[in-house]
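The next block is my_file.txt, given as compact mmCIF, C-alpha atoms.
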# COMPACT_ATOMS: atom_id res chain seq x y z
CA MET A 1 89.07 81.65 114.99
CA GLU A 2 85.89 79.93 115.99
CA TYR A 3 87.29 76.53 116.83
CA PRO A 4 86.44 76.24 120.50
CA ASN A 5 82.90 77.21 119.69
CA GLN A 6 82.33 75.08 116.62
CA SER A 7 83.95 71.80 117.39
CA GLY A 8 81.75 69.57 119.41
CA PHE A 9 79.38 72.25 120.53
CA ARG A 10 76.99 72.06 117.66
CA GLN A 11 74.34 70.17 119.53
CA GLN A 12 74.68 72.58 122.37
CA ALA A 13 74.29 75.64 120.19
CA GLY A 14 70.97 76.45 121.71
CA VAL A 15 72.31 75.97 125.19
CA ARG A 16 75.26 78.24 124.36
CA MET A 17 73.08 81.18 123.58
CA ARG A 18 71.83 81.27 127.08
CA GLY A 19 75.25 81.99 128.49
CA THR A 20 76.51 78.52 129.29
CA PRO A 21 79.71 77.43 130.98
CA GLY A 22 81.13 77.22 127.46
CA ASP A 23 81.62 80.98 127.34
CA PRO A 24 84.23 81.62 130.03
CA ARG A 25 86.24 78.81 128.50
CA ASP A 26 89.70 79.78 127.40
CA PRO A 27 89.36 80.86 123.72
CA SER A 28 92.88 79.82 122.91
CA LEU A 29 92.01 76.14 123.25
CA LEU A 30 91.88 74.44 119.90
CA PHE A 31 90.16 71.29 121.04
CA ASP A 32 87.47 70.39 123.50
CA ASP A 33 88.68 70.41 127.02
CA THR A 34 87.59 66.90 127.88
CA SER A 35 89.51 66.84 131.09
CA ALA A 36 86.80 68.85 132.85
CA GLY A 37 83.47 67.33 133.85
CA GLY A 38 83.04 63.63 134.11
CA ASP A 39 86.58 62.66 133.38
CA LYS A 40 88.07 63.93 136.53
CA HIS A 41 87.89 60.69 138.38
CA ASP A 42 89.24 58.89 135.33
CA LEU A 43 92.18 61.21 135.10
CA SER A 44 93.08 60.79 138.67
CA GLY A 45 93.13 57.07 138.11
CA VAL A 46 94.67 56.85 134.65
CA GLY A 47 96.88 59.89 134.46
CA LYS A 48 98.47 59.57 137.78
CA GLY A 49 98.29 55.81 137.82
CA PRO A 50 101.70 54.96 136.53
CA GLY A 51 103.10 57.98 138.27
CA VAL A 52 101.54 57.44 141.66
CA CYS A 53 103.98 55.04 143.19
CA PRO A 54 107.36 56.29 141.96
CA GLY A 55 106.05 59.82 141.37
CA GLN A 56 105.00 60.36 144.90
CA ALA A 57 108.27 59.00 146.14
CA LEU A 58 110.12 61.31 143.75
CA ILE A 59 108.27 64.45 144.74
CA SER A 60 108.25 63.80 148.44
CA ASP A 61 111.99 63.29 148.62
CA PRO A 62 113.46 66.71 149.52
CA MET A 63 116.79 66.15 147.82
CA SER A 64 115.26 65.40 144.46
CA ASN A 65 112.91 68.29 144.98
CA LEU A 66 115.88 70.56 145.32
CA ALA A 67 117.53 69.00 142.30
CA LEU A 68 114.37 69.49 140.27
CA ALA A 69 114.12 73.15 141.21
CA TYR A 70 117.80 73.74 140.52
CA GLY A 71 117.62 71.97 137.19
CA SER A 72 114.65 73.96 136.00
CA SER A 73 116.22 77.26 137.04
CA LEU A 74 119.45 76.29 135.25
CA ALA A 75 117.54 75.45 132.11
CA SER A 76 115.63 78.71 132.08
CA HIS A 77 118.79 80.68 132.80
CA GLY A 78 120.60 78.94 129.96
CA ARG A 79 117.74 79.57 127.59
CA GLU A 80 117.54 83.29 128.30
CA MET A 81 121.30 83.65 127.98
CA MET A 82 121.21 81.91 124.62
CA ASP A 83 118.33 84.10 123.49
CA LYS A 84 120.18 87.24 124.46
CA ASN A 85 123.38 86.21 122.68
CA LEU A 86 121.62 84.93 119.59
CA ASP A 87 119.69 88.15 119.23
CA ARG A 88 122.93 90.05 118.95
CA PHE A 89 124.02 88.23 115.80
CA ILE A 90 120.79 87.39 114.04
CA PRO A 91 118.03 89.97 114.50
CA ILE A 92 115.34 87.47 115.26
CA SER A 93 112.66 90.02 116.01
CA LYS A 94 113.23 91.63 112.63
CA LEU A 95 113.11 88.26 110.93
CA LYS A 96 109.78 87.53 112.53
CA TYR A 97 108.25 90.42 110.63
CA TYR A 98 109.14 88.82 107.34
CA PHE A 99 107.46 85.56 108.21
CA ALA A 100 104.19 87.09 109.38
CA VAL A 101 102.24 85.87 106.39
CA ASP A 102 99.05 84.01 105.84
CA THR A 103 97.63 81.89 103.06
CA VAL A 104 95.75 84.72 101.38
CA TYR A 105 98.88 86.83 101.16
CA VAL A 106 100.93 83.98 99.75
CA GLY A 107 98.31 83.17 97.16
CA LYS A 108 97.95 86.78 96.04
CA LYS A 109 101.69 87.34 95.97
CA LEU A 110 102.30 84.25 93.86
CA GLY A 111 99.65 85.43 91.46
CA LEU A 112 101.29 88.85 91.38
CA LEU A 113 104.66 87.32 90.62
CA VAL A 114 103.32 85.49 87.61
CA PHE A 115 100.93 88.21 86.40
CA PRO A 116 101.85 91.68 87.65
CA TYR A 117 100.13 93.61 84.89
CA MET A 118 96.78 94.33 86.48
CA HIS A 119 98.01 95.54 89.84
CA ASP A 120 97.74 99.29 90.32
CA ASN A 121 99.01 100.38 93.67
CA TRP A 122 102.51 99.19 94.44
CA GLU A 123 103.16 101.30 97.49
CA VAL A 124 103.98 99.78 100.84
CA ILE A 125 101.62 100.78 103.60
CA TYR A 126 103.32 102.32 106.61
CA GLN A 127 102.08 102.60 110.13
CA GLN A 128 103.92 105.28 112.08
CA ASP A 129 107.18 104.87 110.22
CA THR A 130 107.28 101.09 110.40
CA PRO A 131 106.02 99.03 107.52
CA VAL A 132 102.93 96.97 108.12
CA ALA A 133 103.29 93.21 108.40
CA PRO A 134 103.04 91.35 105.08
CA ARG A 135 99.80 89.82 106.22
CA PHE A 136 98.04 93.14 105.77
CA ASP A 137 99.86 94.54 102.78
CA ILE A 138 100.46 92.67 99.59
CA ASN A 139 103.28 94.94 98.50
CA ALA A 140 105.43 94.28 101.53
CA PRO A 141 108.37 91.92 101.04
CA ASP A 142 108.40 88.66 102.93
CA LEU A 143 110.88 85.86 103.37
CA TYR A 144 108.45 82.98 103.37
CA ILE A 145 108.03 82.75 99.60
CA PRO A 146 111.78 83.04 98.88
CA VAL A 147 112.73 80.40 101.45
CA MET A 148 110.04 78.00 100.32
CA GLY A 149 110.86 78.76 96.70
CA PHE A 150 114.51 78.00 97.27
CA ILE A 151 113.79 74.67 98.89
CA THR A 152 111.26 73.76 96.21
CA TYR A 153 113.75 74.73 93.54
CA ILE A 154 116.29 72.31 94.99
CA LEU A 155 113.72 69.53 95.10
CA VAL A 156 112.48 70.22 91.58
CA ALA A 157 116.08 70.29 90.35
CA GLY A 158 116.61 66.88 91.92
CA LEU A 159 113.44 65.65 90.26
CA ALA A 160 114.47 67.00 86.87
CA LEU A 161 117.90 65.44 87.12
CA GLY A 162 116.38 62.19 88.24
CA THR A 163 114.20 61.94 85.17
CA GLN A 164 117.35 62.18 83.07
CA ASN A 165 119.22 59.58 85.13
CA ARG A 166 121.73 62.14 86.23
CA PHE A 167 120.79 62.10 89.88
CA SER A 168 122.94 61.34 92.87
CA PRO A 169 122.45 62.61 96.44
CA GLU A 170 125.44 64.92 96.23
CA ILE A 171 123.83 66.76 93.35
CA LEU A 172 121.23 68.20 95.70
CA GLY A 173 123.92 69.67 97.89
CA ILE A 174 125.81 71.03 94.91
CA GLN A 175 122.69 72.67 93.47
CA ALA A 176 121.79 74.14 96.83
CA SER A 177 125.18 75.66 97.49
CA SER A 178 125.48 76.88 93.93
CA ALA A 179 122.13 78.68 94.03
CA LEU A 180 122.93 80.07 97.47
CA VAL A 181 126.26 81.41 96.27
CA TRP A 182 124.65 83.13 93.30
CA LEU A 183 122.07 84.66 95.64
CA ILE A 184 124.78 85.97 97.94
CA ILE A 185 126.72 87.37 94.99
CA GLU A 186 123.63 89.08 93.64
CA VAL A 187 122.72 90.64 96.99
CA LEU A 188 126.30 91.87 97.51
CA ALA A 189 126.39 93.33 94.00
CA VAL A 190 123.10 95.15 94.56
CA LEU A 191 124.32 96.45 97.93
CA LEU A 192 127.55 97.68 96.37
CA SER A 193 125.76 99.44 93.54
CA LEU A 194 123.26 101.03 95.94
CA TYR A 195 126.17 102.34 97.99
CA LEU A 196 127.98 103.71 94.96
CA VAL A 197 124.95 105.57 93.66
CA THR A 198 124.25 106.99 97.16
CA VAL A 199 120.62 106.13 97.19
CA ASN A 200 118.80 106.99 100.39
CA THR A 201 116.36 104.16 100.67
CA ASP A 202 115.01 102.15 103.51
CA LEU A 203 115.81 98.91 101.72
CA THR A 204 117.48 96.63 104.22
CA THR A 205 119.67 93.69 103.34
CA ILE A 206 116.87 91.28 104.19
CA ASP A 207 114.58 93.18 101.81
CA LEU A 208 117.10 92.65 99.04
CA VAL A 209 117.35 88.96 99.87
CA ALA A 210 113.56 88.79 99.68
CA PHE A 211 113.40 90.55 96.31
CA SER A 212 116.17 88.37 94.93
CA GLY A 213 114.40 85.29 96.16
CA TYR A 214 111.20 86.00 94.30
CA LYS A 215 112.69 84.74 91.07
CA TYR A 216 112.72 81.16 92.33
CA VAL A 217 108.97 81.04 91.74
CA GLY A 218 109.45 81.72 88.03
CA MET A 219 112.28 79.21 87.84
CA ILE A 220 110.17 76.49 89.42
CA VAL A 221 107.29 77.15 87.02
CA GLY A 222 109.69 76.99 84.08
CA VAL A 223 111.35 73.77 85.14
CA ILE A 224 108.06 72.03 85.88
CA ALA A 225 106.68 73.12 82.51
CA GLY A 226 109.85 71.78 80.97
CA LEU A 227 109.36 68.45 82.68
CA LEU A 228 105.76 68.20 81.55
CA PHE A 229 105.94 69.62 78.05
CA GLY A 230 109.56 69.31 76.95
CA ARG A 231 111.93 72.01 75.83
CA MET A 232 109.30 74.10 74.06
CA GLY A 233 107.22 74.29 77.19
CA TYR A 234 110.27 75.18 79.23
CA HIS A 235 111.29 78.01 76.93
CA LEU A 236 107.81 79.47 76.64
CA SER A 237 107.00 79.39 80.32
CA LEU A 238 110.46 80.64 81.26
CA LEU A 239 110.03 83.54 78.83
CA TRP A 240 106.69 84.43 80.39
CA CYS A 241 108.04 84.19 83.92
CA CYS A 242 111.16 86.19 83.03
CA VAL A 243 109.08 89.04 81.65
CA SER A 244 106.73 89.04 84.62
CA THR A 245 109.57 88.91 87.14
CA PHE A 246 111.24 91.79 85.26
CA VAL A 247 108.08 93.90 85.40
CA PHE A 248 107.42 92.97 89.02
CA THR A 249 110.96 93.90 90.09
CA ILE A 250 110.92 97.17 88.23
CA ARG A 251 107.56 98.21 89.63
CA THR A 252 108.49 97.27 93.18
CA LEU A 253 111.98 98.75 93.23
CA ARG A 254 111.03 101.89 91.37
CA LEU A 255 109.17 103.22 94.36
CA LYS A 256 111.99 102.46 96.71
CA ILE A 257 115.00 103.62 94.74
CA LEU A 258 113.78 106.53 92.68
CA SER A 259 112.83 109.83 94.20
CA GLU A 260 109.21 110.71 94.77
CA ALA A 261 108.62 112.67 91.62
CA ALA A 262 110.23 110.25 89.24
CA ALA A 263 108.46 107.30 90.75
CA GLU A 264 105.08 108.76 89.94
CA GLY A 265 105.88 108.62 86.29
CA ARG A 266 106.69 112.24 85.64
CA LEU A 267 109.89 112.54 83.70
CA VAL A 268 112.38 114.26 85.95
CA ARG A 269 115.50 115.21 84.08
CA GLY A 270 118.77 115.06 85.89
CA ALA A 271 121.74 112.79 85.99
CA LYS A 272 120.89 111.45 89.40
CA ASN A 273 117.46 110.17 88.53
CA GLN A 274 118.68 108.77 85.26
CA LEU A 275 121.38 106.85 87.09
CA ARG A 276 118.86 105.50 89.55
CA MET A 277 116.58 104.41 86.74
CA TYR A 278 119.47 102.60 85.08
CA LEU A 279 120.26 100.93 88.39
CA THR A 280 116.69 99.73 88.80
CA MET A 281 116.64 98.39 85.27
CA ALA A 282 119.98 96.67 85.78
CA ILE A 283 118.77 94.95 88.94
CA ALA A 284 115.60 93.87 87.18
CA ALA A 285 117.50 92.69 84.11
CA ALA A 286 119.77 90.54 86.25
CA GLN A 287 116.76 88.50 87.35
CA PRO A 288 115.96 86.82 84.01
CA VAL A 289 119.66 86.21 83.43
CA PHE A 290 119.91 84.34 86.72
CA MET A 291 116.66 82.55 86.09
CA TYR A 292 117.95 81.18 82.81
CA TRP A 293 121.43 80.48 84.15
CA LEU A 294 120.21 78.44 87.08
CA THR A 295 117.73 76.30 85.15
CA PHE A 296 118.94 75.67 81.64
CA HIS A 297 121.10 72.74 82.62
CA LEU A 298 118.13 71.04 84.26
CA VAL A 299 116.04 70.65 81.15
CA ARG A 300 117.60 68.80 78.28
CA MET B 1 128.62 75.89 87.20
CA ALA B 2 129.03 74.23 90.52
CA PHE B 3 129.91 76.96 92.92
CA THR B 4 130.51 76.02 96.49
CA LEU B 5 130.52 78.25 99.54
CA TYR B 6 134.22 77.58 99.84
CA ALA B 7 134.78 79.09 96.40
CA LEU B 8 132.86 82.17 97.49
CA ILE B 9 135.02 82.54 100.59
CA GLN B 10 138.15 82.16 98.50
CA THR B 11 136.91 84.79 96.05
CA ALA B 12 136.14 87.18 98.88
CA ILE B 13 139.56 86.75 100.43
CA LEU B 14 141.31 87.26 97.10
CA LEU B 15 139.29 90.37 96.25
CA THR B 16 139.86 91.92 99.67
CA ASN B 17 143.56 91.21 99.37
CA ALA B 18 143.60 92.87 95.97
CA ILE B 19 141.98 96.00 97.37
CA ALA B 20 144.28 96.08 100.37
CA VAL B 21 147.37 95.88 98.21
CA LEU B 22 146.67 99.13 96.33
CA HIS B 23 149.23 101.55 97.68
CA GLU B 24 148.17 105.07 98.44
CA GLU B 25 151.26 107.03 97.41
CA ARG B 26 152.86 104.91 94.81
CA PHE B 27 149.88 103.96 92.76
CA LEU B 28 146.61 105.63 93.51
CA SER B 29 147.91 109.20 93.52
CA LYS B 30 149.64 108.58 90.21
CA ILE B 31 146.40 107.71 88.47
CA GLY B 32 144.42 110.41 90.18
CA TRP B 33 142.61 108.21 92.62
CA GLY B 34 144.32 109.51 95.71
CA ALA B 35 142.34 110.16 98.84
CA GLU B 36 143.22 113.79 99.34
CA GLN B 37 142.17 114.76 95.86
CA SER B 38 138.54 113.90 96.35
CA ILE B 39 137.78 115.96 99.45
CA GLY B 40 135.79 118.95 98.39
CA GLY B 41 132.46 117.49 97.62
CA PHE B 42 130.81 118.32 100.91
CA GLY B 43 127.23 119.43 100.73
CA ASP B 44 126.50 118.03 97.36
CA GLU B 45 126.18 114.31 97.16
CA PRO B 46 129.46 112.71 96.11
CA GLY B 47 129.67 111.14 92.71
CA ILE B 48 130.42 107.54 91.96
CA LYS B 49 134.16 108.05 91.74
CA ALA B 50 134.32 109.68 95.16
CA GLN B 51 132.25 106.88 96.66
CA LEU B 52 134.49 104.27 95.09
CA LEU B 53 137.65 105.94 96.39
CA ASN B 54 136.06 106.24 99.79
CA LEU B 55 135.20 102.57 99.71
CA ILE B 56 138.72 101.56 98.73
CA ARG B 57 140.24 103.68 101.46
CA SER B 58 137.91 102.40 104.16
CA VAL B 59 138.35 98.77 103.12
CA ARG B 60 142.08 99.25 103.36
CA THR B 61 141.88 100.85 106.78
CA VAL B 62 139.43 98.41 108.27
CA MET B 63 140.54 95.13 106.79
CA ARG B 64 144.31 95.46 107.08
CA VAL B 65 144.70 93.69 110.41
CA PRO B 66 141.97 91.04 110.02
CA LEU B 67 143.38 90.20 106.60
CA ILE B 68 146.70 89.33 108.18
CA ALA B 69 145.00 86.81 110.41
CA VAL B 70 142.74 85.42 107.67
CA ASN B 71 145.62 85.06 105.24
CA ALA B 72 147.73 83.28 107.85
CA VAL B 73 144.91 80.84 108.57
CA CYS B 74 144.36 80.30 104.86
CA ILE B 75 148.03 79.60 104.25
CA VAL B 76 148.22 77.11 107.08
CA LEU B 77 145.06 75.32 105.89
CA LEU B 78 146.31 75.16 102.32
CA LEU B 79 149.63 73.78 103.46
CA LEU B 80 147.97 71.12 105.56
CA PHE B 81 145.14 70.10 103.30
CA GLY B 82 146.22 71.07 99.84
Representation of the structure as structure tokens:
Amino acid sequence: MEYPNQSGFRQQAGVRMRGTPGDPRDPSLLFDDTSAGGDKHDLSGVGKGPGVCPGQALISDPMSNLALAYGSSLASHGREMMDKNLDRFIPISKLKYYFAVDTVYVGKKLGLLVFPYMHDNWEVIYQQDTPVAPRFDINAPDLYIPVMGFITYILVAGLALGTQNRFSPEILGIQASSALVWLIIEVLAVLLSLYLVTVNTDLTTIDLVAFSGYKYVGMIVGVIAGLLFGRMGYHLSLLWCCVSTFVFTIRTLRLKILSEAAAEGRLVRGAKNQLRMYLTMAIAAAQPVFMYWLTFHLVR
Amino acid sequence: MAFTLYALIQTAILLTNAIAVLHEERFLSKIGWGAEQSIGGFGDEPGIKAQLLNLIRSVRTVMRVPLIAVNAVCIVLLLLFG
């Protein structure tokens, strides 16, 4: 971004164009580097002031020097050991891909979740066999929206229960674990059915978690509409969000589960493709059921 | 319905126990779900029934020993904490 050039350098814009000392400045700095220039003598007085007397004694003492070096090496050794062990259980590098989003992607994806009828191309863009980061491809699954949606759902559930005087702090924990358990059950059921139908897809478990988490957006919209407009608003908005989540899920999963020919819309006869189509529709139909099940007790 | 994670763990343990208890000779062969009857579908992709039988057999093979440990822990915890 343009931060190191814009902030504070406006009056020196003309000077900048002549190749000023502002150019070789480190572009990763977000703020003005005020420590250079006239502040040097200040820094030596202020910054090191409280640290001069005991600091110098601390650094000059060889024993504490040794202890400092040993402590820092121990800390770095411990950190790299923890990183190595943690990476074995939770694939952190793979998780990072799912959180590589930006605001534009989130905005477009939320719009797509609520209104998927105008979108044409649902294919995921690949780059040498690996899918492109969600930042560059709106069809790629991400984990940011599901995680944020889950947390917002818990908060909105607490809000809804609070307006009916049914709130207590344990309720938040109960709602959270209940929704999490249903999510786990749904992902396990989808995994089991994908295994039974022997579908060769590149859908990973995290992808399924992401696709199952997209329904929280519809649930939140429904509950908030129910809070603002009463039961009629809740039912209408939940109906709209259920239909759009159904269409979104079908259109996204169709390309991943069905074979190439069937996914393009041509009717391919055969028991295998029919079974896969039924599976896709079953997964998509489970979404509105869960959406209703997890929210109807919140709006009275 | 207030599900807790503990209920999920209990359900998982009970379901795995149920699958592990299905005896190969005495029960599964009698109803035509035996393991040796489904080998023959090489080349073509196996149907749902073959996949299911495969799953049952592999769950039984893999989970037999860990289930002993998990059940023992569960019994002790239930005895202690009710």
Kindly assemble as a Markdown table a list of the chain A residues that lie within 8 Å of chain B, each paired with its nearest atom pair and their distance in Å to one decimal, using only C-alpha atoms, sorted first by chain and then by ascending residue number.
| residue | atom | partner | partner_atom | distance |
| --- | --- | --- | --- | --- |
| A:Ile174 | CA | B:Ala2 | CA | 6.3 |
| A:Gln175 | CA | B:Ala2 | CA | 7.2 |
| A:Ser177 | CA | B:Thr4 | CA | 5.4 |
| A:Ser178 | CA | B:Phe3 | CA | 4.5 |
| A:Val181 | CA | B:Leu5 | CA | 6.2 |
| A:Tyr195 | CA | B:Gln51 | CA | 7.7 |
| A:Leu196 | CA | B:Ile48 | CA | 5.4 |
| A:Val197 | CA | B:Ile48 | CA | 6.1 |
| A:Thr198 | CA | B:Glu45 | CA | 7.6 |
Using only C-alpha atoms, determine which residues lie at most 12 Å from B:Ala18, disregarding the query and same-chain residues fewer than 2 positions distant; provide the list as a list of chain:residue names.
->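 What passes the distance filter is B:Thr11, B:Ala12, B:Ile13, B:Leu14, B:Leu15, B:Thr16, B:Ala20, B:Val21, B:Leu22, B:His23, B:Ile56, B:Val59, B:Arg60, B:Met63, B:Arg64, B:Leu67.
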Which neighbours of A:Val104 fall inside 12 Å, counting all atoms listed in the file, when residues of the same chain fewer than 6 positions from it are skipped, and could you give them as number ranges by chain?
-> A: 110-111, 134-138
Export of prior selection with C-alpha atoms as a tab-separated table (two decimals), in the coordinates of the input:
chain	number	residue	atom	x	y	z
A	110	LEU	CA	102.30	84.25	93.86
A	111	GLY	CA	99.65	85.43	91.46
A	134	PRO	CA	103.04	91.35	105.08
A	135	ARG	CA	99.80	89.82	106.22
A	136	PHE	CA	98.04	93.14	105.77
A	137	ASP	CA	99.86	94.54	102.78
A	138	ILE	CA	100.46	92.67	99.59
Please indicate the distance in Å from atom CA of A:Lys256 to atom CA of A:Tyr153, rounded to one decimal place.
-> 28.0 Å
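For the atom pair formed by atom CA of A:Phe229 and atom CA of A:Gly158, the distance is 17.7 Å, given to one decimal.
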Write out as a PyMOL selection string which residues come within 9 Å of A:Ile184 when counting all atoms listed in the file, dropping same-chain ones fewer than 4 positions away.
-> (chain A and resi 179-180+188-189+209) or (chain B and resi 8)
Taking 5 positions as the minimum chain separation for residues in the same chain, which residues sit within 9 Å of A:Ile154 when counting all atoms listed in the file? Answer as a JSON list (two decimals) with C-alpha atoms, in the frame of the given file.
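To be explicit, this is the file written out as part-v1.json:
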[["chain", "number", "residue", "atom", "x", "y", "z"],
["A", 149, "GLY", "CA", 110.86, 78.76, 96.70],
["A", 159, "LEU", "CA", 113.44, 65.65, 90.26],
["A", 172, "LEU", "CA", 121.23, 68.20, 95.70],
["A", 173, "GLY", "CA", 123.92, 69.67, 97.89],
["A", 175, "GLN", "CA", 122.69, 72.67, 93.47],
["A", 176, "ALA", "CA", 121.79, 74.14, 96.83],
["A", 179, "ALA", "CA", 122.13, 78.68, 94.03]]
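Going from atom CA of A:Leu183 to atom CA of A:Asp207 covers 12.9 Å.
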Quick one: residues within 8 Å of A:Leu238, only C-alpha atoms counted, chain neighbours fewer than 5 positions away excluded, as a PyMOL selection string?
-> chain A and resi 218-219+221-223+292
For stretch 26-31 of chain B, I'd like the enclosing box, axis-aligned and padded by 5 Å on every side, reported as JSON with centre and edge lengths in Å to one decimal.
{"center_x": 149.6, "center_y": 106.6, "center_z": 91.6, "size_x": 16.5, "size_y": 15.2, "size_z": 16.3}
Select all residues near (143.3, 107.2, 91.1) (cut-off 12 Å, inclusive, file coordinates), counting only C-alpha atoms, and output them as a list in words.
->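 Residues with an atom at most 12 Å from (143.3, 107.2, 91.1): Leu22, His23, Glu24, Glu25, Arg26, Phe27, Leu28, Ser29, Lys30, Ile31, Gly32, Trp33, Gly34, Ala35, Glu36, Gln37, Ser38, Lys49, Ala50, Leu52, Leu53, Asn54, Ile56 and Arg57 of chain B.
Compared by their closest atoms to A:Pro116, and using all atoms listed in the file, the residues A:Thr280, A:Thr201, A:Thr249, A:Asn85 rank with A:Thr249 nearest.
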Once N, CA and C atoms are restored for stretch 57-77 of chain B, what would the output be as a PDB file, keeping the file's coordinate frame?
ATOM      1  N   ARG B  57     139.454 103.243 100.306  1.00  0.00           N
ATOM      2  CA  ARG B  57     140.240 103.680 101.460  1.00  0.00           C
ATOM      3  C   ARG B  57     139.747 103.054 102.749  1.00  0.00           C
ATOM      4  N   SER B  58     138.419 102.957 102.902  1.00  0.00           N
ATOM      5  CA  SER B  58     137.910 102.400 104.160  1.00  0.00           C
ATOM      6  C   SER B  58     138.138 100.900 104.239  1.00  0.00           C
ATOM      7  N   VAL B  59     138.059 100.207 103.089  1.00  0.00           N
ATOM      8  CA  VAL B  59     138.350  98.770 103.120  1.00  0.00           C
ATOM      9  C   VAL B  59     139.793  98.564 103.541  1.00  0.00           C
ATOM     10  N   ARG B  60     140.681  99.416 102.978  1.00  0.00           N
ATOM     11  CA  ARG B  60     142.080  99.250 103.360  1.00  0.00           C
ATOM     12  C   ARG B  60     142.284  99.505 104.834  1.00  0.00           C
ATOM     13  N   THR B  61     141.666 100.529 105.362  1.00  0.00           N
ATOM     14  CA  THR B  61     141.880 100.850 106.780  1.00  0.00           C
ATOM     15  C   THR B  61     141.303  99.773 107.686  1.00  0.00           C
ATOM     16  N   VAL B  62     140.113  99.324 107.357  1.00  0.00           N
ATOM     17  CA  VAL B  62     139.430  98.410 108.270  1.00  0.00           C
ATOM     18  C   VAL B  62     140.002  97.008 108.190  1.00  0.00           C
ATOM     19  N   MET B  63     140.278  96.550 106.969  1.00  0.00           N
ATOM     20  CA  MET B  63     140.540  95.130 106.790  1.00  0.00           C
ATOM     21  C   MET B  63     142.015  94.780 106.873  1.00  0.00           C
ATOM     22  N   ARG B  64     142.880  95.779 107.131  1.00  0.00           N
ATOM     23  CA  ARG B  64     144.310  95.460 107.080  1.00  0.00           C
ATOM     24  C   ARG B  64     144.672  94.401 108.114  1.00  0.00           C
ATOM     25  N   VAL B  65     144.293  94.629 109.363  1.00  0.00           N
ATOM     26  CA  VAL B  65     144.700  93.690 110.410  1.00  0.00           C
ATOM     27  C   VAL B  65     143.955  92.348 110.326  1.00  0.00           C
ATOM     28  N   PRO B  66     142.631  92.355 110.148  1.00  0.00           N
ATOM     29  CA  PRO B  66     141.970  91.040 110.020  1.00  0.00           C
ATOM     30  C   PRO B  66     142.484  90.241 108.837  1.00  0.00           C
ATOM     31  N   LEU B  67     142.889  90.944 107.759  1.00  0.00           N
ATOM     32  CA  LEU B  67     143.380  90.200 106.600  1.00  0.00           C
ATOM     33  C   LEU B  67     144.661  89.454 106.918  1.00  0.00           C
ATOM     34  N   ILE B  68     145.478  90.034 107.805  1.00  0.00           N
ATOM     35  CA  ILE B  68     146.700  89.330 108.180  1.00  0.00           C
ATOM     36  C   ILE B  68     146.339  87.991 108.807  1.00  0.00           C
ATOM     37  N   ALA B  69     145.397  88.045 109.728  1.00  0.00           N
ATOM     38  CA  ALA B  69     145.000  86.810 110.410  1.00  0.00           C
ATOM     39  C   ALA B  69     144.367  85.819 109.447  1.00  0.00           C
ATOM     40  N   VAL B  70     143.458  86.322 108.585  1.00  0.00           N
ATOM     41  CA  VAL B  70     142.740  85.420 107.670  1.00  0.00           C
ATOM     42  C   VAL B  70     143.706  84.793 106.684  1.00  0.00           C
ATOM     43  N   ASN B  71     144.655  85.619 106.188  1.00  0.00           N
ATOM     44  CA  ASN B  71     145.620  85.060 105.240  1.00  0.00           C
ATOM     45  C   ASN B  71     146.488  84.008 105.906  1.00  0.00           C
ATOM     46  N   ALA B  72     146.895  84.263 107.158  1.00  0.00           N
ATOM     47  CA  ALA B  72     147.730  83.280 107.850  1.00  0.00           C
ATOM     48  C   ALA B  72     146.988  81.962 108.006  1.00  0.00           C
ATOM     49  N   VAL B  73     145.718  82.058 108.415  1.00  0.00           N
ATOM     50  CA  VAL B  73     144.910  80.840 108.570  1.00  0.00           C
ATOM     51  C   VAL B  73     144.784  80.119 107.245  1.00  0.00           C
ATOM     52  N   CYS B  74     144.551  80.900 106.183  1.00  0.00           N
ATOM     53  CA  CYS B  74     144.360  80.300 104.860  1.00  0.00           C
ATOM     54  C   CYS B  74     145.620  79.581 104.403  1.00  0.00           C
ATOM     55  N   ILE B  75     146.784  80.212 104.680  1.00  0.00           N
ATOM     56  CA  ILE B  75     148.030  79.600 104.250  1.00  0.00           C
ATOM     57  C   ILE B  75     148.261  78.291 104.996  1.00  0.00           C
ATOM     58  N   VAL B  76     148.008  78.327 106.296  1.00  0.00           N
ATOM     59  CA  VAL B  76     148.220  77.110 107.080  1.00  0.00           C
ATOM     60  C   VAL B  76     147.294  76.000 106.591  1.00  0.00           C
ATOM     61  N   LEU B  77     146.010  76.347 106.341  1.00  0.00           N
ATOM     62  CA  LEU B  77     145.060  75.320 105.890  1.00  0.00           C
ATOM     63  C   LEU B  77     145.464  74.764 104.536  1.00  0.00           C
TER      64      LEU B  77
END
